[in-house]
Each structure stands twice: as structure tokens, then as C-alpha cells.
>>> print(open('model_31.cif').read())   # mmCIF, C-alpha atoms and all ligand atoms
data_model
#
loop_
_atom_site.label_atom_id
_atom_site.label_comp_id
_atom_site.auth_asym_id
_atom_site.auth_seq_id
_atom_site.Cartn_x
_atom_site.Cartn_y
_atom_site.Cartn_z
CA MET A 1159 99.22 12.28 108.94
CA ALA A 1160 99.25 10.50 112.21
CA GLY A 1161 96.19 9.86 114.30
CA THR A 1162 93.28 7.52 114.35
CA VAL A 1163 90.03 7.92 112.50
CA PRO A 1164 87.33 8.50 115.06
CA LYS A 1165 84.26 6.33 114.80
CA LEU A 1166 81.34 8.11 113.23
CA ALA A 1167 79.40 9.90 115.92
CA ALA A 1168 80.53 7.65 118.75
CA PRO A 1169 78.27 8.61 121.66
CA ARG A 1170 80.02 9.31 124.95
CA PRO A 1171 79.56 6.37 127.33
CA ALA A 1172 77.12 7.20 130.09
CA ALA A 1173 79.65 6.45 132.83
CA ALA A 1174 82.53 8.26 131.19
CA GLY A 1175 82.60 10.98 133.85
CA PRO A 1176 83.37 14.60 133.12
CA LEU A 1177 83.90 15.78 129.56
CA PRO A 1178 87.58 15.64 128.62
CA SER A 1179 87.58 19.38 128.28
CA GLN A 1180 86.18 20.03 131.71
CA PRO A 1181 89.43 20.16 133.68
CA LEU A 1182 90.78 22.61 131.15
CA ARG A 1183 87.58 24.65 131.16
CA ALA A 1184 87.60 24.69 134.94
CA ALA A 1185 91.24 25.76 134.97
CA ALA A 1186 90.51 28.50 132.49
CA LEU A 1187 87.52 29.76 134.41
CA ALA A 1188 89.38 29.67 137.69
CA PHE A 1189 92.39 31.30 136.07
CA ALA A 1190 93.76 34.66 137.10
CA PRO A 1191 91.13 37.39 137.30
CA SER A 1192 92.59 38.81 134.08
CA ALA A 1193 91.07 35.89 132.16
CA ARG A 1194 87.73 36.58 133.79
CA ARG A 1195 88.06 40.25 132.90
CA PHE A 1196 88.74 39.30 129.29
CA ARG A 1197 85.52 37.36 129.17
CA VAL A 1198 83.45 39.92 131.00
CA SER A 1199 84.70 42.75 128.76
CA LEU A 1200 82.88 41.17 125.87
CA ALA A 1201 79.57 42.73 126.76
CA GLY A 1202 78.16 39.54 128.19
CA ARG A 1203 79.17 37.24 125.30
CA ALA A 1204 81.03 34.14 126.43
CA ARG A 1205 84.28 33.77 124.56
CA SER A 1206 86.62 30.83 124.44
CA PRO A 1207 88.16 30.32 127.90
CA VAL A 1208 91.05 28.49 126.21
CA ILE A 1209 91.91 31.44 124.00
CA ALA A 1210 91.15 33.92 126.77
CA MET A 1211 93.60 32.13 129.04
CA ALA A 1212 96.36 32.07 126.42
CA SER A 1213 95.78 35.75 125.71
CA ALA A 1214 95.71 36.78 129.33
CA LYS A 1215 99.02 35.02 129.89
CA GLU A 1216 100.58 36.92 127.02
CA GLY A 1217 99.17 40.28 127.99
CA ASN A 1218 98.30 41.88 124.68
CA GLY A 1219 96.23 38.99 123.43
CA ALA A 1220 97.85 38.82 120.03
CA VAL A 1221 100.93 36.67 120.54
CA THR A 1222 101.02 33.61 118.30
CA LYS A 1223 100.38 30.39 120.19
CA ARG A 1224 100.84 26.99 118.55
CA THR A 1225 97.55 25.20 118.75
CA THR A 1226 95.85 22.30 116.98
CA LEU A 1227 94.27 24.97 114.76
CA HIS A 1228 97.69 25.65 113.20
CA ASP A 1229 98.20 21.91 112.74
CA LEU A 1230 94.78 21.58 111.17
CA TYR A 1231 95.73 24.02 108.44
CA GLU A 1232 99.41 23.16 108.03
CA GLN A 1233 99.10 19.38 108.18
CA GLN A 1234 95.64 18.81 106.70
CA GLY A 1235 94.83 21.90 104.65
CA GLN A 1236 91.62 22.58 106.54
CA SER A 1237 91.05 26.17 107.45
CA PRO A 1238 89.65 26.79 110.96
CA TRP A 1239 87.30 29.77 111.09
CA TYR A 1240 85.60 31.39 114.03
CA ASP A 1241 81.80 31.41 113.99
CA ASN A 1242 81.28 34.63 115.91
CA LEU A 1243 81.93 38.28 115.15
CA CYS A 1244 81.04 40.99 117.62
CA ARG A 1245 82.52 44.14 119.07
CA PRO A 1246 85.20 44.94 119.89
CA VAL A 1247 86.41 43.40 116.67
CA THR A 1248 90.01 43.53 117.93
CA ASP A 1249 89.02 40.63 120.18
CA LEU A 1250 89.58 38.55 117.06
CA LEU A 1251 93.34 39.13 117.34
CA PRO A 1252 94.01 36.38 119.90
CA TYR A 1253 91.88 34.03 117.83
CA ILE A 1254 93.97 34.79 114.74
CA ALA A 1255 97.14 34.35 116.81
CA ASN A 1256 95.81 30.95 117.92
CA GLY A 1257 95.30 29.78 114.33
CA VAL A 1258 91.88 31.07 113.22
CA ARG A 1259 91.95 31.99 109.49
CA GLY A 1260 88.52 33.46 108.74
CA VAL A 1261 85.24 34.41 110.36
CA THR A 1262 81.53 33.87 109.87
CA SER A 1263 79.23 36.47 111.33
CA ASN A 1264 75.71 36.66 112.67
CA PRO A 1265 75.21 40.42 113.06
CA THR A 1266 71.67 40.11 114.36
CA LYS A 1267 72.91 37.98 117.24
CA ALA A 1268 75.95 40.20 117.82
CA ILE A 1269 73.99 43.46 117.95
CA SER A 1270 71.08 42.13 119.98
CA SER A 1271 73.32 40.67 122.67
CA SER A 1272 75.73 43.55 123.20
CA ASN A 1273 75.69 47.19 124.26
CA ALA A 1274 78.92 47.84 122.35
CA TYR A 1275 76.86 49.15 119.43
CA ASP A 1276 74.93 51.76 121.43
CA GLY A 1277 77.33 54.67 120.89
CA GLN A 1278 77.47 54.39 117.11
CA PHE A 1279 73.74 53.69 116.95
CA LYS A 1280 73.01 56.90 118.84
CA GLU A 1281 75.26 58.91 116.48
CA LEU A 1282 73.53 57.40 113.44
CA ILE A 1283 70.05 58.18 114.77
CA SER A 1284 71.12 61.72 115.67
CA ALA A 1285 72.39 62.07 112.10
CA GLY A 1286 68.89 61.25 110.86
CA LYS A 1287 69.33 57.58 109.87
CA ASP A 1288 66.39 55.21 110.21
CA ALA A 1289 66.77 51.98 112.20
CA GLU A 1290 67.42 49.73 109.21
CA SER A 1291 70.06 52.02 107.65
CA ALA A 1292 71.68 52.31 111.07
CA TYR A 1293 71.67 48.50 111.38
CA TRP A 1294 73.57 48.17 108.10
CA GLU A 1295 76.10 50.82 109.09
CA LEU A 1296 76.82 48.95 112.34
CA VAL A 1297 77.23 45.70 110.40
CA ILE A 1298 79.40 47.20 107.67
CA LYS A 1299 81.79 48.73 110.21
CA ASP A 1300 82.33 45.36 111.93
CA ILE A 1301 82.84 43.59 108.61
CA GLN A 1302 85.30 46.18 107.30
CA ASP A 1303 87.26 46.12 110.58
CA ALA A 1304 87.38 42.32 110.56
CA CYS A 1305 88.38 42.22 106.88
CA LYS A 1306 91.36 44.39 107.76
CA LEU A 1307 92.46 41.91 110.45
CA PHE A 1308 92.25 38.95 108.07
CA GLU A 1309 93.80 40.74 105.09
CA PRO A 1310 97.34 39.41 105.77
CA ILE A 1311 96.00 35.84 105.49
CA TYR A 1312 94.11 36.75 102.31
CA ASP A 1313 97.28 38.24 100.82
CA GLU A 1314 99.56 35.38 101.92
CA THR A 1315 97.23 32.82 100.34
CA ASP A 1316 96.68 34.81 97.15
CA GLY A 1317 93.00 35.23 97.89
CA ALA A 1318 92.33 31.62 98.89
CA ASP A 1319 91.66 32.21 102.59
CA GLY A 1320 91.26 34.94 105.21
CA TYR A 1321 87.63 35.82 104.52
CA VAL A 1322 84.93 37.52 106.55
CA SER A 1323 81.39 36.56 105.70
CA VAL A 1324 78.28 38.73 105.97
CA GLU A 1325 74.72 37.87 105.03
CA VAL A 1326 72.24 39.79 102.91
CA SER A 1327 68.94 40.52 104.63
CA PRO A 1328 67.22 37.25 105.59
CA ARG A 1329 63.97 38.89 104.47
CA LEU A 1330 65.17 38.26 100.89
CA ALA A 1331 65.66 34.50 101.31
CA ASN A 1332 62.87 33.76 98.81
CA ASP A 1333 63.55 36.68 96.47
CA THR A 1334 65.92 35.88 93.59
CA GLN A 1335 66.44 39.36 92.17
CA GLY A 1336 66.22 41.12 95.54
CA THR A 1337 69.06 38.93 96.77
CA VAL A 1338 71.19 39.72 93.70
CA GLU A 1339 70.71 43.46 94.19
CA ALA A 1340 71.36 43.24 97.93
CA ALA A 1341 74.54 41.21 97.35
CA LYS A 1342 75.85 43.74 94.83
CA TRP A 1343 75.06 46.60 97.19
CA LEU A 1344 76.67 44.95 100.22
CA HIS A 1345 79.76 44.03 98.23
CA LYS A 1346 80.08 47.60 97.01
CA VAL A 1347 79.65 49.28 100.38
CA VAL A 1348 81.91 46.89 102.31
CA ASN A 1349 84.49 47.39 99.56
CA ARG A 1350 87.05 44.86 100.80
CA PRO A 1351 88.59 42.10 98.68
CA ASN A 1352 88.23 39.46 101.39
CA VAL A 1353 84.51 39.74 102.09
CA TYR A 1354 82.16 36.86 101.37
CA ILE A 1355 78.58 37.85 100.69
CA LYS A 1356 76.43 35.22 102.33
CA ILE A 1357 73.46 33.98 100.29
CA PRO A 1358 71.10 31.22 101.44
CA ALA A 1359 70.82 28.06 99.32
CA THR A 1360 67.05 28.31 99.04
CA ALA A 1361 65.47 27.23 95.74
CA GLU A 1362 64.86 30.92 94.93
CA CYS A 1363 68.42 31.99 95.73
CA VAL A 1364 70.30 29.28 93.81
CA PRO A 1365 69.90 31.37 90.61
CA SER A 1366 71.03 34.45 92.60
CA ILE A 1367 74.28 32.64 93.40
CA LYS A 1368 74.99 32.14 89.71
CA GLU A 1369 74.33 35.79 88.92
CA VAL A 1370 76.32 37.17 91.84
CA ILE A 1371 79.31 34.96 90.99
CA ALA A 1372 78.98 36.00 87.35
CA ASN A 1373 79.35 39.59 88.58
CA GLY A 1374 82.72 38.70 90.08
CA ILE A 1375 81.51 38.74 93.70
CA SER A 1376 82.76 36.08 96.11
CA VAL A 1377 79.99 34.19 97.91
CA ASN A 1378 79.44 32.12 101.03
CA VAL A 1379 76.43 29.95 100.21
CA THR A 1380 74.73 29.25 103.52
CA LEU A 1381 72.00 26.98 104.91
CA ILE A 1382 72.82 23.86 102.88
CA PHE A 1383 71.27 20.79 104.47
CA SER A 1384 71.04 18.16 101.72
CA VAL A 1385 73.29 16.62 99.08
CA ALA A 1386 70.70 17.35 96.38
CA ARG A 1387 70.68 21.07 97.14
CA TYR A 1388 74.47 21.05 97.48
CA GLU A 1389 74.77 19.78 93.91
CA ALA A 1390 72.58 22.66 92.70
CA VAL A 1391 74.84 25.07 94.60
CA ILE A 1392 78.00 23.71 92.94
CA ASP A 1393 76.31 23.97 89.54
CA ALA A 1394 75.35 27.58 90.26
CA TYR A 1395 78.98 28.37 91.09
CA LEU A 1396 80.29 26.69 87.93
CA ASP A 1397 77.60 28.35 85.80
CA GLY A 1398 78.43 31.72 87.36
CA LEU A 1399 82.17 31.36 86.70
CA GLU A 1400 81.46 30.39 83.09
CA ALA A 1401 79.03 33.29 82.62
CA SER A 1402 81.33 35.89 84.16
CA GLY A 1403 83.30 36.64 81.02
CA LEU A 1404 86.35 37.31 83.21
CA SER A 1405 89.69 36.19 81.79
CA ASP A 1406 91.12 35.83 85.32
CA LEU A 1407 88.83 33.95 87.72
CA SER A 1408 91.32 33.72 90.56
CA ARG A 1409 89.66 36.37 92.74
CA VAL A 1410 86.10 35.07 92.47
CA THR A 1411 85.86 32.43 95.14
CA SER A 1412 83.16 30.72 97.15
CA VAL A 1413 82.47 28.45 100.08
CA ALA A 1414 79.46 26.14 100.38
CA SER A 1415 78.32 26.09 104.01
CA PHE A 1416 76.98 22.63 104.74
CA PHE A 1417 75.22 22.60 108.11
CA VAL A 1418 75.99 19.59 110.25
CA SER A 1419 74.68 19.37 113.82
CA ARG A 1420 71.15 20.47 112.94
CA VAL A 1421 70.82 17.40 110.70
CA ASP A 1422 71.44 15.10 113.67
CA SER A 1423 69.11 17.11 115.89
CA LEU A 1424 66.21 16.54 113.49
CA ILE A 1425 67.00 12.98 112.38
CA ASP A 1426 67.64 11.83 115.96
CA LYS A 1427 64.14 13.03 116.85
CA MET A 1428 62.68 11.15 113.87
CA LEU A 1429 64.56 8.00 114.85
CA GLU A 1430 63.38 8.28 118.43
CA LYS A 1431 59.83 8.54 117.18
CA ILE A 1432 60.28 5.29 115.24
CA GLY A 1433 61.74 3.85 118.43
CA THR A 1434 62.87 0.38 117.23
CA PRO A 1435 66.39 -0.83 118.11
CA GLU A 1436 67.35 -0.48 114.39
CA ALA A 1437 66.15 3.11 114.40
CA LEU A 1438 67.78 4.06 117.68
CA ALA A 1439 71.19 2.62 116.75
CA PRO A 1440 72.21 5.23 114.14
CA ARG A 1441 71.37 8.27 116.29
CA GLY A 1442 74.17 10.83 116.09
CA LYS A 1443 75.54 9.38 112.85
CA ALA A 1444 73.41 10.95 110.12
CA ALA A 1445 75.04 14.38 109.91
CA VAL A 1446 78.62 13.21 109.55
CA ALA A 1447 77.59 10.44 107.13
CA GLN A 1448 75.82 12.94 104.88
CA ALA A 1449 78.74 15.40 105.10
CA LYS A 1450 81.18 12.70 103.97
CA ILE A 1451 78.94 11.94 101.01
CA ALA A 1452 78.80 15.65 100.17
CA ASN A 1453 82.58 15.67 100.08
CA GLN A 1454 82.55 12.79 97.58
CA LEU A 1455 80.28 14.88 95.38
CA TYR A 1456 82.67 17.82 95.73
CA LEU A 1457 85.55 15.63 94.51
CA LYS A 1458 83.50 14.50 91.52
CA LYS A 1459 82.22 17.91 90.50
CA PHE A 1460 85.55 19.70 90.83
CA SER A 1461 87.35 17.41 88.39
CA GLY A 1462 87.00 16.54 84.72
CA PRO A 1463 87.04 18.62 81.54
CA ARG A 1464 84.47 21.25 82.58
CA TRP A 1465 86.36 22.07 85.75
CA GLU A 1466 89.78 21.88 84.08
CA ALA A 1467 88.68 24.51 81.54
CA LEU A 1468 87.86 26.87 84.42
CA VAL A 1469 91.14 26.08 86.20
CA LYS A 1470 92.98 27.32 83.10
CA LYS A 1471 91.42 30.72 83.81
CA GLY A 1472 92.56 30.61 87.44
CA ALA A 1473 89.30 29.35 89.01
CA LYS A 1474 89.46 28.13 92.60
CA LYS A 1475 87.33 25.27 93.91
CA GLN A 1476 84.27 26.21 95.92
CA ARG A 1477 85.41 24.89 99.29
CA LEU A 1478 83.06 22.94 101.52
CA LEU A 1479 82.61 24.80 104.79
CA TRP A 1480 81.30 22.79 107.75
CA ALA A 1481 78.87 24.97 109.65
CA SER A 1482 76.75 24.33 112.73
CA THR A 1483 79.67 22.46 114.27
CA SER A 1484 78.81 22.76 117.95
CA VAL A 1485 77.36 19.64 119.51
CA LYS A 1486 73.77 20.04 120.64
CA ASN A 1487 73.34 16.68 122.37
CA PRO A 1488 75.58 16.61 125.47
CA ALA A 1489 75.73 12.81 125.20
CA TYR A 1490 77.90 13.12 122.08
CA LEU A 1491 81.60 13.82 121.85
CA ASP A 1492 82.12 17.56 121.81
CA THR A 1493 84.39 17.31 118.74
CA LEU A 1494 81.87 15.16 116.87
CA TYR A 1495 81.31 17.67 114.06
CA VAL A 1496 84.97 18.63 113.65
CA ASP A 1497 87.20 15.55 114.06
CA PRO A 1498 85.53 13.34 111.41
CA LEU A 1499 85.29 16.09 108.77
CA ILE A 1500 88.93 17.06 108.31
CA GLY A 1501 90.33 17.18 104.80
CA PRO A 1502 92.18 19.37 102.32
CA ASP A 1503 90.61 22.53 100.90
CA THR A 1504 87.81 22.60 103.44
CA VAL A 1505 86.81 25.07 106.14
CA SER A 1506 85.40 24.34 109.57
CA THR A 1507 83.73 27.30 111.24
CA MET A 1508 83.49 26.84 114.97
CA PRO A 1509 81.85 28.79 117.75
CA ASP A 1510 83.72 28.98 121.06
CA GLN A 1511 82.37 25.68 122.37
CA ALA A 1512 83.65 23.71 119.38
CA LEU A 1513 86.91 25.69 119.19
CA ASP A 1514 87.66 25.05 122.85
CA ALA A 1515 86.97 21.36 122.51
CA PHE A 1516 89.09 21.01 119.38
CA ILE A 1517 92.04 22.99 120.75
CA ASP A 1518 91.87 20.98 123.96
CA HIS A 1519 91.49 17.44 122.67
CA GLY A 1520 90.70 17.43 118.94
CA THR A 1521 92.51 14.96 116.70
CA VAL A 1522 94.28 16.37 113.66
CA ALA A 1523 94.05 13.63 111.03
CA ARG A 1524 92.60 13.30 107.56
CA THR A 1525 89.18 11.85 108.15
CA ILE A 1526 86.86 13.33 105.52
CA ASP A 1527 87.48 10.57 103.02
CA ALA A 1528 87.90 7.75 105.54
CA ASN A 1529 85.04 5.34 106.22
CA VAL A 1530 83.11 6.56 103.18
CA SER A 1531 81.47 3.19 102.57
CA GLU A 1532 80.36 3.13 106.22
CA ALA A 1533 78.86 6.61 105.68
CA GLU A 1534 77.07 5.42 102.54
CA GLY A 1535 75.74 2.43 104.48
CA ILE A 1536 74.35 4.71 107.18
CA TYR A 1537 72.81 7.01 104.56
CA SER A 1538 70.94 4.18 102.86
CA ALA A 1539 70.03 2.44 106.13
CA LEU A 1540 68.37 5.69 107.22
CA GLU A 1541 66.49 5.85 103.91
CA LYS A 1542 65.24 2.32 104.51
CA LEU A 1543 64.02 3.44 107.93
CA GLY A 1544 61.90 6.06 106.18
CA ILE A 1545 64.18 9.11 106.43
CA ASP A 1546 63.70 11.22 103.31
CA TRP A 1547 66.90 13.22 103.04
CA GLU A 1548 65.44 15.86 100.74
CA GLU A 1549 62.50 16.39 103.05
CA VAL A 1550 64.86 16.68 106.01
CA GLY A 1551 66.81 19.30 104.03
CA LYS A 1552 63.64 21.22 103.20
CA GLN A 1553 62.42 21.23 106.80
CA LEU A 1554 65.78 22.39 108.14
CA GLU A 1555 66.01 25.07 105.47
CA HIS A 1556 62.53 26.30 106.32
CA GLU A 1557 63.37 26.38 110.04
CA GLY A 1558 66.73 28.06 109.38
CA VAL A 1559 65.27 30.80 107.17
CA SER A 1560 62.36 31.40 109.58
CA SER A 1561 64.66 31.64 112.55
CA PHE A 1562 67.03 34.10 110.80
CA LYS A 1563 64.09 36.21 109.61
CA GLY A 1564 62.49 36.11 113.06
CA SER A 1565 65.59 37.34 114.86
CA PHE A 1566 66.26 39.98 112.17
CA ASP A 1567 62.68 41.29 112.43
CA SER A 1568 62.74 41.38 116.21
CA LEU A 1569 66.11 43.19 116.25
CA LEU A 1570 64.83 45.80 113.80
CA THR A 1571 61.72 46.33 115.90
CA SER A 1572 63.83 46.87 118.98
CA LEU A 1573 66.21 49.21 117.09
CA GLU A 1574 63.20 51.22 115.86
CA GLU A 1575 61.92 51.55 119.43
CA LYS A 1576 65.37 52.48 120.67
CA GLY A 1577 65.75 55.01 117.83
CA ASN A 1578 62.37 56.60 118.59
CA ALA A 1579 63.25 56.87 122.27
CA LEU A 1580 66.57 58.54 121.39
CA LYS A 1581 64.82 60.99 119.06
CA THR A 1582 62.25 61.84 121.71
CA ALA A 1583 64.94 62.37 124.34
CA ALA A 1584 66.90 64.62 121.97
CA ASN A 1585 63.80 66.47 120.72
CA LEU A 1586 64.62 65.39 117.16
O1 LIG A 1601 77.62 27.90 111.50
C1 LIG A 1601 76.47 28.08 111.48
C2 LIG A 1601 75.61 28.86 112.31
O2 LIG A 1601 76.27 29.74 113.15
C3 LIG A 1601 74.56 28.08 113.02
O3 LIG A 1601 75.05 27.22 113.94
P1 LIG A 1601 74.03 26.42 114.88
O4 LIG A 1601 73.39 25.35 114.08
O5 LIG A 1601 74.90 25.88 115.97
O6 LIG A 1601 73.01 27.41 115.36
#
>>> encode(input="model_31.cif", output="C-alpha cells")
Amino acid sequence: MAGTVPKLAAPRPAAAGPLPSQPLRAAALAFAPSARRFRVSLAGRARSPVIAMASAKEGNGAVTKRTTLHDLYEQQGQSPWYDNLCRPVTDLLPYIANGVRGVTSNPTKAISSSNAYDGQFKELISAGKDAESAYWELVIKDIQDACKLFEPIYDETDGADGYVSVEVSPRLANDTQGTVEAAKWLHKVVNRPNVYIKIPATAECVPSIKEVIANGISVNVTLIFSVARYEAVIDAYLDGLEASGLSDLSRVTSVASFFVSRVDSLIDKMLEKIGTPEALAPRGKAAVAQAKIANQLYLKKFSGPRWEALVKKGAKKQRLLWASTSVKNPAYLDTLYVDPLIGPDTVSTMPDQALDAFIDHGTVARTIDANVSEAEGIYSALEKLGIDWEEVGKQLEHEGVSSFKGSFDSLLTSLEEKGNALKTAANL
């Protein structure tokens, strides 16, 4: 467990020059045209130049490369996931070969930014499907294909890792029973053991989590922004396991997706508004501090007699999954939301930007439970400055749900228009 514990949210000095990853990024981008082709083939989506370069060198893109992602899992027990799923799904192979062990998806983003779905969409419309049914068929195909790729990891870990996560319709984010029904339906139609049904941690959906878990369905609880809501999520998981009536709980698992960078984005703005030196000093430190405190809660809740009784039936801990790990403020270290949150039985889902940075210059060391009293000090100092953590959580949740709903609605509108145009052209 070598390595130093990075300071919480140390901002990059103004005169530090190019980002540490820039030479590598530049090399990757200037690499043989094959690397460029790899990137361009992805229907306009930028993929990791680091992984693209490794894959291009190896030809078939699926040769195992030792990276810090392997070390992260083998040395620290943290599972690196890839926060991006789009077609062709086989493009995940080099990521898996480079140490990625699971995937989180955003189908709305994937479908709206790629033409790789056009062929299947046309077939579905010609077969008489409406736009929304066609949307789900596109999504389900990607998820099933990705589940197949991660199945070896799922099997090797006896169902502990190797998951692919897919969300229920964001239109149901405030509908308890609608979410339960949608989760059951999605689980049934995907029909893969290693799928996580993603449910938002809204006040209305916390009871849905309990019911879905009680039905033996594994869940990725998403959009968690506060410690208070996180506690309710853990309770829903425990309640669900207890209510399931299953004698073997080993295949009902869950991750709790705690969003990180968005917390800093909002709190930094609030601190800048206050504007005093005391308020400006902790900018870039709130998100990691809160995440470390969440991990302390995790340790507390997954111990003691209640938890031990579930362990006897094979229950697995609901792992904390760090989401929203890409740095939004270019003044901060680009591994800010990965390096300080490394610890056993956790997941870090990273988009290409964060993956590249971590593979290039991330530090593999146990950090999640280091500097906890410093994190607690930051948490209460922010409270004293007037930051209401629950309110911050509510605002971010509201923004997150609205943004997911907005992009879902606008994709469906454009699929409807596209579908109508196809029908007209085909005289359907
Ligand atoms: O992992 C979480 C989501 O993909 C959102 O990430 P984001 O906050 O960078 O948009």
C-alpha cells in the first residue's frame, strides 16, 4: 500500500504549466493514424486516447495491458468502471483488457450522439414499433451485449462485480410504484444476471428501492448527493434484503452511486458568492470531504448484529460507487475525484477524461479512510459558512432529475420525428 495521500482537493498552481496528462494526450492524438481511426470510428464520440493508443498498438484492441486500473482493483479492492456505453459495444473490449470491471450507461446520451443506432431503429419502425418501444429495444440490445462482455468478471467474482447498469425511465423519478413496475419489467426483458437496474434516490423512489431489492433484483441507486439521503438508501437496501424472504441473498446486490464533482460545482459557486477569504479557501474540497464522511457511514451501517444476520444468508454489502468523477473546474487536479476516494469494496465509474488521467498519473493508494478528521472539519466549517448540506443535496437532485428528464424527452421527440419521416418515406 505504497503511495502518498493526496491533499484534499489541492488546486493546481496557476503557474504549473501544462496538465501532467497533456504530453501523453498529445502523443496519443498524434499517434499513428490507426489510433485516430479508432476514435473516429466511434460515431463522433471521443474515447480514451490512452486506451485507443494501447489498442491500436495491439491490433485487435482486446489484449490485456497492465494499467493502474488493474492495480486499483488488485491492490486496493476498488473496482474501476467505465462511465460510457455506446455502440459498437465491442469497443468495450479494450477497456476491459485495460482493467475496467463494469459499466454505467446513459442511453439517452449514447443514442442522441451517434448514428450507430439508425439501422436497428429503421427496422423497428418498419416492424410497426412506436418511438418509445423502439428506444427501449435499442437500449436493451446494448445492455444485453455489454452484460455478455462483463459476464466472465461476474462469474469469477461470484456475482460481486462485472455489472452493467441501466436506468428506468427518468419520467418516473417521482413515481414510487411506476418505478417498481418499470424496474421489474426492465430486469425481466434484459434477462441477464449481471444487470443493475438504476433507480434514482429521490424521496419517492427510496421506497421503490426497498421493494425492488425485496423482489430479488439488483439495483444501482443513482443521484445521491447528501449523506442524509445516502443513509435512507442504505436502510432501503437492508429493509429490502430482510423483506425478500430469500434464503440465499448472495445474488441480490447493489451499489449506491454517490455523485461527487457536481457537489463542488454548486458549493464552489455558493462560496464565491459569499466571497470572504474564509469562504474562498475551501473551494474544491466539499465533494471529497462529504464522500469520505459517506464512507464512514457505510462502515457503520454495514457492521453490527443487523448486518451480521444478513451476512449469514449470504448478503453482500451495498458498495459505494463514486459517480460524476470527471473534474469540471480545469484549475483542479484532473484526478481529484478518483485519487482521494480509493478504498476496499468501492467502485469508481469514470468517463474517458477521468480514466485517461488516472491511467496516466493516478496514485493507487488507500485514501478513502485517510484524513477523515480533516474531512469532518471541512464539512462543519462549510456548515458554519451557511452551507446547508441537505439543501445542496435537494438542489442537485432536482437539477439531476430535470436534466435526465429533459434529455430523455428531447430524444423521444426526435425519435418520433425520425420515425414519422421513415414511415412517410416507406408509405407505411
Ligand atoms: O457518473 C455519473 C454521471 O455520468 C454524471 O456525471 P457528470 O456529473 O460528470 O455529468
>>> residues_near_ligand(input="model_31.cif", ligand="ligand LIG 1601 (chain A)", cutoff="8 Å", atoms="only C-alpha atoms and all ligand atoms", output="list in words")
Asp1241, Asn1242, Thr1262, Ser1263, Asn1264, Ser1415, Phe1417, Val1418, Ser1419, Arg1420, Trp1480, Ala1481, Ser1482, Thr1483, Ser1484, Val1485, Lys1486, Thr1507, Met1508 and Pro1509 of chain A
>>> axis_aligned_box(input="model_31.cif", around="region 1567-1570 of chain A", padding_each_side="6 Å", output="AutoDock Vina command-line options")
--center_x 64.4 --center_y 43.5 --center_z 114.3 --size_x 15.4 --size_y 16.5 --size_z 15.8
>>> closest_residue(input="model_31.cif", among="A:Pro1358, A:Gly1336, A:Gly1462, A:Pro1246", to="Asp1303 (chain A)", atoms="all atoms listed in the file")
A:Pro1246
>>> closest_residue(input="model_31.cif", among="A:Val1353, A:Ile1517, A:Leu1543, A:Ala1528", to="Leu1499 (chain A)", atoms="all atoms listed in the file")
A:Ala1528
>>> closest_residue(input="model_31.cif", among="A:Leu1554, A:Ala1444, A:Val1324, A:Leu1580", to="Phe1383 (chain A)", atoms="only C-alpha atoms")
A:Leu1554
>>> atom_distance(input="model_31.cif", atom1="CA of Ile1269 (chain A)", atom2="CA of Lys1581 (chain A)")
19.8 Å
>>> residues_around(input="model_31.cif", residues="Ala1289 (chain A)", least_positions_apart="4", cutoff="7 Å", atoms="all atoms listed in the file", output="compact mmCIF listing (two decimals) with C-alpha atoms, in the coordinates of the input")
# COMPACT_ATOMS: atom_id res chain seq x y z
CA TYR A 1293 71.67 48.50 111.38
CA LEU A 1570 64.83 45.80 113.80
CA LEU A 1573 66.21 49.21 117.09
CA GLU A 1574 63.20 51.22 115.86
CA GLY A 1577 65.75 55.01 117.83
>>> residues_around(input="model_31.cif", residues="region 1437-1441 of chain A", least_positions_apart="6", cutoff="7 Å", atoms="all atoms listed in the file", output="number ranges by chain")
A: 1426, 1429-1430, 1543
>>> atom_distance(input="model_31.cif", atom1="CA of Thr1521 (chain A)", atom2="CA of Tyr1253 (chain A)")
19.1 Å
>>> closest_residue(input="model_31.cif", among="A:Val1322, A:Ala1394, A:Val1338, A:Ala1533", to="Ala1452 (chain A)", atoms="only C-alpha atoms")
A:Ala1533
>>> atom_distance(input="model_31.cif", atom1="CA of Phe1566 (chain A)", atom2="CA of Val1326 (chain A)")
11.0 Å
>>> closest_residue(input="model_31.cif", among="A:Met1428, A:Leu1468, A:Ala1489, A:Leu1307", to="Gly1260 (chain A)", atoms="all atoms listed in the file")
A:Leu1307
>>> residues_around(input="model_31.cif", residues="Lys1267 (chain A)", least_positions_apart="4", cutoff="12 Å", atoms="only C-alpha atoms", output="VMD selection string")
chain A and resid 1203 1241 to 1245 1263 1271 to 1273 1297 1561 to 1570
>>> write_last_selection(input="model_31.cif", atoms="C-alpha atoms", output="PDB file, in the coordinates of the input")
ATOM      1  CA  ARG A1203      79.170  37.240 125.300  1.00  0.00           C
ATOM      2  CA  ASP A1241      81.800  31.410 113.990  1.00  0.00           C
ATOM      3  CA  ASN A1242      81.280  34.630 115.910  1.00  0.00           C
ATOM      4  CA  LEU A1243      81.930  38.280 115.150  1.00  0.00           C
ATOM      5  CA  CYS A1244      81.040  40.990 117.620  1.00  0.00           C
ATOM      6  CA  ARG A1245      82.520  44.140 119.070  1.00  0.00           C
ATOM      7  CA  SER A1263      79.230  36.470 111.330  1.00  0.00           C
ATOM      8  CA  SER A1271      73.320  40.670 122.670  1.00  0.00           C
ATOM      9  CA  SER A1272      75.730  43.550 123.200  1.00  0.00           C
ATOM     10  CA  ASN A1273      75.690  47.190 124.260  1.00  0.00           C
ATOM     11  CA  VAL A1297      77.230  45.700 110.400  1.00  0.00           C
ATOM     12  CA  SER A1561      64.660  31.640 112.550  1.00  0.00           C
ATOM     13  CA  PHE A1562      67.030  34.100 110.800  1.00  0.00           C
ATOM     14  CA  LYS A1563      64.090  36.210 109.610  1.00  0.00           C
ATOM     15  CA  GLY A1564      62.490  36.110 113.060  1.00  0.00           C
ATOM     16  CA  SER A1565      65.590  37.340 114.860  1.00  0.00           C
ATOM     17  CA  PHE A1566      66.260  39.980 112.170  1.00  0.00           C
ATOM     18  CA  ASP A1567      62.680  41.290 112.430  1.00  0.00           C
ATOM     19  CA  SER A1568      62.740  41.380 116.210  1.00  0.00           C
ATOM     20  CA  LEU A1569      66.110  43.190 116.250  1.00  0.00           C
ATOM     21  CA  LEU A1570      64.830  45.800 113.800  1.00  0.00           C
TER      22      LEU A1570
END
>>> closest_residue(input="model_31.cif", among="A:Thr1504, A:Ile1425, A:Asn1349, A:Leu1586", to="Ile1545 (chain A)", atoms="all atoms listed in the file")
A:Ile1425
>>> residues_around(input="model_31.cif", residues="region 1226-1236 of chain A", least_positions_apart="6", cutoff="7 Å", atoms="all atoms listed in the file", output="MDAnalysis selection string")
chainID A and resid 1256:1258 1500:1505 1517 1522:1524
